[in-house]
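Participant: So here's structure_11.cif (mmCIF, C-alpha atoms).
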```
data_upload
#
loop_
_atom_site.label_atom_id
_atom_site.label_comp_id
_atom_site.auth_asym_id
_atom_site.auth_seq_id
_atom_site.Cartn_x
_atom_site.Cartn_y
_atom_site.Cartn_z
CA THR A 1 41.81 -41.54 -43.78
CA THR A 2 40.26 -42.93 -40.59
CA VAL A 3 38.58 -46.29 -41.17
CA LEU A 4 35.80 -47.02 -38.69
CA ALA A 5 34.72 -50.28 -40.32
CA SER A 6 35.28 -51.99 -43.65
CA SER A 7 34.89 -55.26 -45.53
CA ASN A 8 38.67 -55.67 -45.23
CA SER A 9 38.81 -56.51 -41.50
CA ASN A 10 38.17 -52.84 -40.73
CA ASN A 11 41.25 -51.74 -42.68
CA ALA A 12 41.46 -49.58 -45.79
CA VAL A 13 40.33 -51.36 -48.94
CA ASP A 14 42.71 -51.33 -51.92
CA PHE A 15 40.80 -51.32 -55.20
CA SER A 16 42.27 -52.51 -58.46
CA SER A 17 42.14 -50.21 -61.47
CA GLY A 18 38.85 -49.62 -63.24
CA THR A 19 35.46 -48.21 -62.31
CA LYS A 20 33.96 -49.36 -59.03
CA GLU A 21 30.67 -48.71 -57.26
CA ILE A 22 31.33 -47.87 -53.63
CA PHE A 23 28.79 -47.56 -50.85
CA ILE A 24 29.76 -45.43 -47.86
CA THR A 25 27.58 -44.71 -44.88
CA TYR A 26 28.18 -42.48 -41.89
CA PRO A 27 27.61 -44.39 -38.62
CA ALA A 28 24.80 -42.98 -36.48
CA ASP A 29 26.90 -43.22 -33.31
CA LYS A 30 29.40 -40.78 -34.88
CA ALA A 31 26.74 -38.29 -36.04
CA VAL A 32 25.83 -34.97 -34.46
CA TYR A 33 22.09 -34.34 -34.44
CA GLU A 34 20.57 -30.87 -34.47
CA ASP A 35 16.90 -30.74 -33.45
CA ALA A 36 14.29 -28.32 -34.80
CA SER A 37 15.28 -25.72 -32.17
CA GLY A 38 18.94 -25.82 -33.21
CA ASN A 39 20.07 -27.73 -30.12
CA ILE A 40 22.74 -30.40 -30.44
CA SER A 41 22.78 -33.43 -28.17
CA THR A 42 25.53 -36.00 -27.75
CA THR A 43 25.46 -39.50 -26.32
CA GLY A 44 28.05 -39.75 -23.58
CA ASN A 45 30.82 -37.44 -22.49
CA VAL A 46 32.41 -34.65 -24.50
CA GLU A 47 36.15 -34.25 -24.20
CA LEU A 48 38.22 -31.37 -25.58
CA ILE A 49 41.89 -32.30 -25.98
CA SER A 50 44.75 -30.12 -27.10
CA THR A 51 48.15 -31.58 -27.95
CA ASP A 52 49.67 -28.13 -28.54
CA THR A 53 53.05 -27.89 -26.82
CA SER A 54 53.16 -24.08 -26.74
CA SER A 55 52.16 -21.96 -23.75
CA THR A 56 48.96 -20.72 -25.40
CA ALA A 57 45.58 -21.53 -23.88
CA GLY A 58 44.11 -24.70 -25.17
CA PRO A 59 41.85 -26.39 -25.66
CA GLU A 60 39.34 -23.58 -25.82
CA PHE A 61 35.58 -23.81 -25.53
CA CYS A 62 34.05 -20.62 -26.92
CA LEU A 63 30.48 -19.44 -26.39
CA TYR A 64 29.92 -16.56 -28.83
CA ARG A 65 26.77 -14.47 -28.99
CA ASN A 66 26.56 -12.71 -32.33
CA SER A 67 23.76 -10.24 -31.63
CA ALA A 68 22.64 -7.48 -33.97
CA SER A 69 21.30 -5.49 -30.99
CA ARG A 70 24.10 -5.51 -28.42
CA ALA A 71 23.19 -4.07 -25.01
CA ASP A 72 24.41 -3.92 -21.45
CA GLY A 73 23.16 -6.95 -19.53
CA ASP A 74 23.08 -9.29 -22.55
CA TYR A 75 23.48 -12.97 -21.79
CA LEU A 76 26.55 -14.36 -23.57
CA GLY A 77 26.09 -18.02 -22.72
CA GLN A 78 25.46 -20.49 -19.92
CA VAL A 79 26.86 -23.75 -18.70
CA LYS A 80 24.07 -25.69 -16.98
CA PHE A 81 24.42 -28.55 -14.52
CA GLN A 82 21.33 -30.75 -14.42
CA GLY A 83 20.39 -33.90 -12.57
CA GLU A 84 17.33 -35.71 -11.26
CA SER A 85 15.48 -35.21 -8.01
CA ASP A 86 14.48 -38.23 -5.93
CA THR A 87 11.27 -38.43 -7.99
CA GLY A 88 13.22 -38.76 -11.25
CA VAL A 89 12.35 -35.25 -12.49
CA THR A 90 15.16 -33.41 -14.30
CA ARG A 91 16.25 -30.35 -12.32
CA LEU A 92 18.69 -27.53 -12.96
CA TYR A 93 20.99 -27.62 -9.90
CA ALA A 94 23.60 -25.02 -10.88
CA LYS A 95 24.63 -22.77 -13.76
CA ILE A 96 27.40 -20.39 -14.75
CA THR A 97 26.35 -17.43 -16.88
CA GLY A 98 28.46 -14.93 -18.83
CA LYS A 99 26.97 -11.46 -19.36
CA THR A 100 27.91 -8.08 -20.68
CA SER A 101 27.74 -5.21 -18.22
CA ASP A 102 29.03 -2.45 -20.53
CA VAL A 103 29.21 -2.83 -24.31
CA THR A 104 30.57 0.68 -24.94
CA ASN A 105 33.55 0.46 -27.31
CA GLY A 106 36.80 0.95 -25.41
CA THR A 107 35.26 0.56 -21.93
CA GLU A 108 33.66 -2.88 -22.30
CA ASP A 109 32.97 -4.84 -19.11
CA GLY A 110 31.76 -8.37 -18.55
CA LEU A 111 30.70 -10.45 -15.59
CA ILE A 112 30.21 -14.04 -14.54
CA GLU A 113 27.25 -15.11 -12.38
CA THR A 114 26.85 -18.40 -10.60
CA ALA A 115 23.47 -19.70 -9.55
CA VAL A 116 22.59 -22.78 -7.54
CA LYS A 117 19.44 -24.56 -6.44
CA LYS A 118 18.71 -23.27 -2.91
CA ASP A 119 15.65 -24.61 -1.05
CA GLY A 120 14.05 -25.66 -4.34
CA ALA A 121 14.62 -22.42 -6.30
CA ASN A 122 17.47 -21.27 -8.53
CA VAL A 123 19.25 -18.34 -6.89
CA ILE A 124 22.17 -16.23 -8.09
CA VAL A 125 24.73 -16.60 -5.29
CA SER A 126 27.76 -14.80 -6.71
CA ARG A 127 28.72 -12.22 -9.29
CA GLN A 128 32.31 -11.71 -10.43
CA THR A 129 33.07 -8.39 -12.13
CA GLY A 130 36.29 -6.70 -13.09
CA THR A 131 36.41 -4.99 -9.70
CA ALA A 132 34.77 -7.35 -7.19
CA LEU A 133 33.63 -10.80 -6.23
CA LYS A 134 30.17 -10.30 -4.77
CA LEU A 135 28.30 -12.85 -2.69
CA ILE A 136 24.62 -11.98 -3.00
CA ASN A 137 21.15 -13.19 -1.97
CA ASN A 138 22.13 -14.06 1.60
CA THR A 139 25.12 -16.16 0.55
CA GLY A 140 27.72 -16.35 3.29
CA LEU A 141 31.45 -16.81 3.10
CA GLU A 142 33.10 -19.71 4.89
CA VAL A 143 36.88 -19.85 4.95
CA ALA A 144 38.84 -22.79 6.34
CA VAL A 145 42.25 -21.10 6.02
CA GLN A 146 43.90 -17.88 7.17
CA ILE A 147 42.98 -14.74 5.25
CA ASP A 148 45.62 -12.10 4.66
CA ALA A 149 44.20 -8.71 3.67
CA ASP A 150 46.97 -6.28 2.78
CA GLY A 151 44.52 -3.57 1.71
CA GLY A 152 42.39 -3.76 4.87
CA ILE A 153 38.85 -4.96 5.39
CA ASP A 154 35.77 -2.74 5.55
CA VAL A 155 32.83 -4.26 7.43
CA THR A 156 29.26 -3.05 7.61
CA GLY A 157 27.34 -4.89 10.30
CA ASN A 158 28.39 -7.20 13.10
CA ILE A 159 31.40 -9.48 13.29
CA THR A 160 30.99 -12.72 15.20
CA VAL A 161 34.20 -14.45 16.24
CA SER A 162 34.84 -17.60 18.23
CA GLY A 163 38.23 -18.92 19.27
CA THR A 164 41.13 -16.53 19.68
CA VAL A 165 41.99 -13.06 18.42
CA ASP A 166 45.66 -12.08 18.58
CA GLY A 167 46.20 -15.03 20.94
CA ARG A 168 43.44 -14.00 23.37
CA ASP A 169 40.75 -16.61 24.06
CA LEU A 170 37.40 -14.88 23.51
CA ALA A 171 35.46 -17.37 25.68
CA THR A 172 37.45 -16.45 28.81
CA ASP A 173 38.45 -12.89 27.92
CA GLY A 174 34.90 -11.56 27.52
CA THR A 175 33.52 -8.87 25.25
CA LYS A 176 35.85 -6.08 24.13
#
```
Have the structure of the file written as structure tokens, please.

Facilitator:
Amino acid sequence: TTVLASSNSNNAVDFSSGTKEIFITYPADKAVYEDASGNISTTGNVELISTDTSSTAGPEFCLYRNSASRADGDYLGQVKFQGESDTGVTRLYAKITGKTSDVTNGTEDGLIETAVKKDGANVIVSRQTGTALKLINNTGLEVAVQIDADGGIDVTGNITVSGTVDGRDLATDGTK
């Protein structure tokens, strides 16, 4: 019922009774093209909009891997963020990957990895599992707000602190 263009000032055309020959074409700018590899490209932005007024999640964007040989460590899908370097070459600058970590029925586990371009190479910098957020491959943690840790903090290695601890100025108080 949506009219994109017509010979009636882009409105629906009302035909009188009788047999008519009608020519309809699908505009190329509204088409979805699948290449020989099964990839689909769009021109411009993609927007998912939900007008549902309930409290359910929506809109949803689902990446579903329907594998006949399911295994721990399977890739489930990726969202890739690409751009150009200063030479105009397309580069992958960041990606988010979903994976299985345990496909055993009843004890299934999944994880999310994030990778970024770091000194010219793509490096996994974090892994989120059901039990931990892990910063890996020499990725540090910078926090610009107070951290409250009700369960305590276990540290392996050195702690470097500048400023104050419990109101004591470390620069003038010395090493403790």

Participant: Quote the spacing between atom CA of Gly151 of chain A and atom CA of Thr164 of chain A in Å to one decimal place.

Facilitator: 22.4 Å

Participant: So that I can check the surroundings of Glu47 of chain A, please list as a ChimeraX atom specification every protein, DNA and RNA residue that reaches within 12 Å of it, counting only C-alpha atoms and ignoring chain neighbours fewer than 2 positions away.

Facilitator: /A:42,44-45,49-50,59-61

Participant: Skipping near chain neighbours, those fewer than 4 positions away, what residues fall within 9 Å of Val32 of chain A using only C-alpha atoms, listed as a list in words?

Facilitator: Ala28, Ile40, Ser41 and Thr42 of chain A

Participant: Find, counting all atoms listed in the file, the residue in A:Asn66, A:Thr114, A:Ala57, A:Asn39 that gets nearest to Gln78 of chain A.

Facilitator: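 Distance minimum relative to Gln78 of chain A lands on A:Thr114.
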
Participant: Residue by residue, what does the PyMOL selection byres ((chain A and resi 132-143) around 12) grab here? Present the result as an mmCIF file with C-alpha atoms, in the frame of the given file.

Facilitator:
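Saved the output as part23.cif:
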```
data_model
loop_
_atom_site.group_PDB
_atom_site.id
_atom_site.type_symbol
_atom_site.label_atom_id
_atom_site.label_comp_id
_atom_site.auth_asym_id
_atom_site.auth_seq_id
_atom_site.Cartn_x
_atom_site.Cartn_y
_atom_site.Cartn_z
ATOM 1 C CA GLY A 110 31.760 -8.370 -18.550
ATOM 2 C CA LEU A 111 30.700 -10.450 -15.590
ATOM 3 C CA ILE A 112 30.210 -14.040 -14.540
ATOM 4 C CA GLU A 113 27.250 -15.110 -12.380
ATOM 5 C CA THR A 114 26.850 -18.400 -10.600
ATOM 6 C CA ALA A 115 23.470 -19.700 -9.550
ATOM 7 C CA VAL A 116 22.590 -22.780 -7.540
ATOM 8 C CA LYS A 118 18.710 -23.270 -2.910
ATOM 9 C CA ASN A 122 17.470 -21.270 -8.530
ATOM 10 C CA VAL A 123 19.250 -18.340 -6.890
ATOM 11 C CA ILE A 124 22.170 -16.230 -8.090
ATOM 12 C CA VAL A 125 24.730 -16.600 -5.290
ATOM 13 C CA SER A 126 27.760 -14.800 -6.710
ATOM 14 C CA ARG A 127 28.720 -12.220 -9.290
ATOM 15 C CA GLN A 128 32.310 -11.710 -10.430
ATOM 16 C CA THR A 129 33.070 -8.390 -12.130
ATOM 17 C CA GLY A 130 36.290 -6.700 -13.090
ATOM 18 C CA THR A 131 36.410 -4.990 -9.700
ATOM 19 C CA ALA A 144 38.840 -22.790 6.340
ATOM 20 C CA VAL A 145 42.250 -21.100 6.020
ATOM 21 C CA GLN A 146 43.900 -17.880 7.170
ATOM 22 C CA ILE A 147 42.980 -14.740 5.250
ATOM 23 C CA ASP A 148 45.620 -12.100 4.660
#
```

Participant: Could you pull the residues within 9 Å of Leu4 of chain A, counting only C-alpha atoms, minus those fewer than 5 positions along the same chain, as a list in words?

Facilitator: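 Within the cut-off, the hits are Asn10, Asn11 and Pro27 of chain A.
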
Participant: Starting from the displayed file, determine the output of the PyMOL selection byres ((chain A and resi 71-76) around 10) and express the residue list as JSON, numbers by chain.

Facilitator: {"A": [63, 64, 65, 66, 67, 68, 69, 70, 77, 78, 97, 98, 99, 100, 101, 102, 103, 104, 108, 109, 110, 111, 112]}

Participant: Write the residues you've just listed into a file as a PDB file, keeping the file's coordinate frame, and include C-alpha atoms for each of them.

Facilitator:
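Generated file (part17.pdb):
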```
ATOM      1  CA  LEU A  63      30.480 -19.440 -26.390  1.00  0.00           C
ATOM      2  CA  TYR A  64      29.920 -16.560 -28.830  1.00  0.00           C
ATOM      3  CA  ARG A  65      26.770 -14.470 -28.990  1.00  0.00           C
ATOM      4  CA  ASN A  66      26.560 -12.710 -32.330  1.00  0.00           C
ATOM      5  CA  SER A  67      23.760 -10.240 -31.630  1.00  0.00           C
ATOM      6  CA  ALA A  68      22.640  -7.480 -33.970  1.00  0.00           C
ATOM      7  CA  SER A  69      21.300  -5.490 -30.990  1.00  0.00           C
ATOM      8  CA  ARG A  70      24.100  -5.510 -28.420  1.00  0.00           C
ATOM      9  CA  GLY A  77      26.090 -18.020 -22.720  1.00  0.00           C
ATOM     10  CA  GLN A  78      25.460 -20.490 -19.920  1.00  0.00           C
ATOM     11  CA  THR A  97      26.350 -17.430 -16.880  1.00  0.00           C
ATOM     12  CA  GLY A  98      28.460 -14.930 -18.830  1.00  0.00           C
ATOM     13  CA  LYS A  99      26.970 -11.460 -19.360  1.00  0.00           C
ATOM     14  CA  THR A 100      27.910  -8.080 -20.680  1.00  0.00           C
ATOM     15  CA  SER A 101      27.740  -5.210 -18.220  1.00  0.00           C
ATOM     16  CA  ASP A 102      29.030  -2.450 -20.530  1.00  0.00           C
ATOM     17  CA  VAL A 103      29.210  -2.830 -24.310  1.00  0.00           C
ATOM     18  CA  THR A 104      30.570   0.680 -24.940  1.00  0.00           C
ATOM     19  CA  GLU A 108      33.660  -2.880 -22.300  1.00  0.00           C
ATOM     20  CA  ASP A 109      32.970  -4.840 -19.110  1.00  0.00           C
ATOM     21  CA  GLY A 110      31.760  -8.370 -18.550  1.00  0.00           C
ATOM     22  CA  LEU A 111      30.700 -10.450 -15.590  1.00  0.00           C
ATOM     23  CA  ILE A 112      30.210 -14.040 -14.540  1.00  0.00           C
TER      24      ILE A 112
END
```

Participant: Can you tell me, as JSON, the centre and edge lengths (Å, one decimal) of the axis-aligned box enclosing all of segment 99-110 of chain A's listed atoms after padding each side by 5 Å?

Facilitator:
```
{"center_x": 31.9, "center_y": -5.3, "center_z": -22.8, "size_x": 19.8, "size_y": 22.4, "size_z": 19.1}
```

Participant: Work out how far apart atom CA of Gly83 of chain A and atom CA of Gly58 of chain A are and give it in Å to one decimal.

Facilitator: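 One can read the atom CA of Gly83 of chain A to atom CA of Gly58 of chain A distance as 28.4 Å.
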
Participant: In Å, how far is it from atom CA of Lys117 of chain A to atom CA of Ala94 of chain A?

Facilitator: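 Computing the Euclidean distance for atom CA of Lys117 of chain A and atom CA of Ala94 of chain A yields 6.1 Å.
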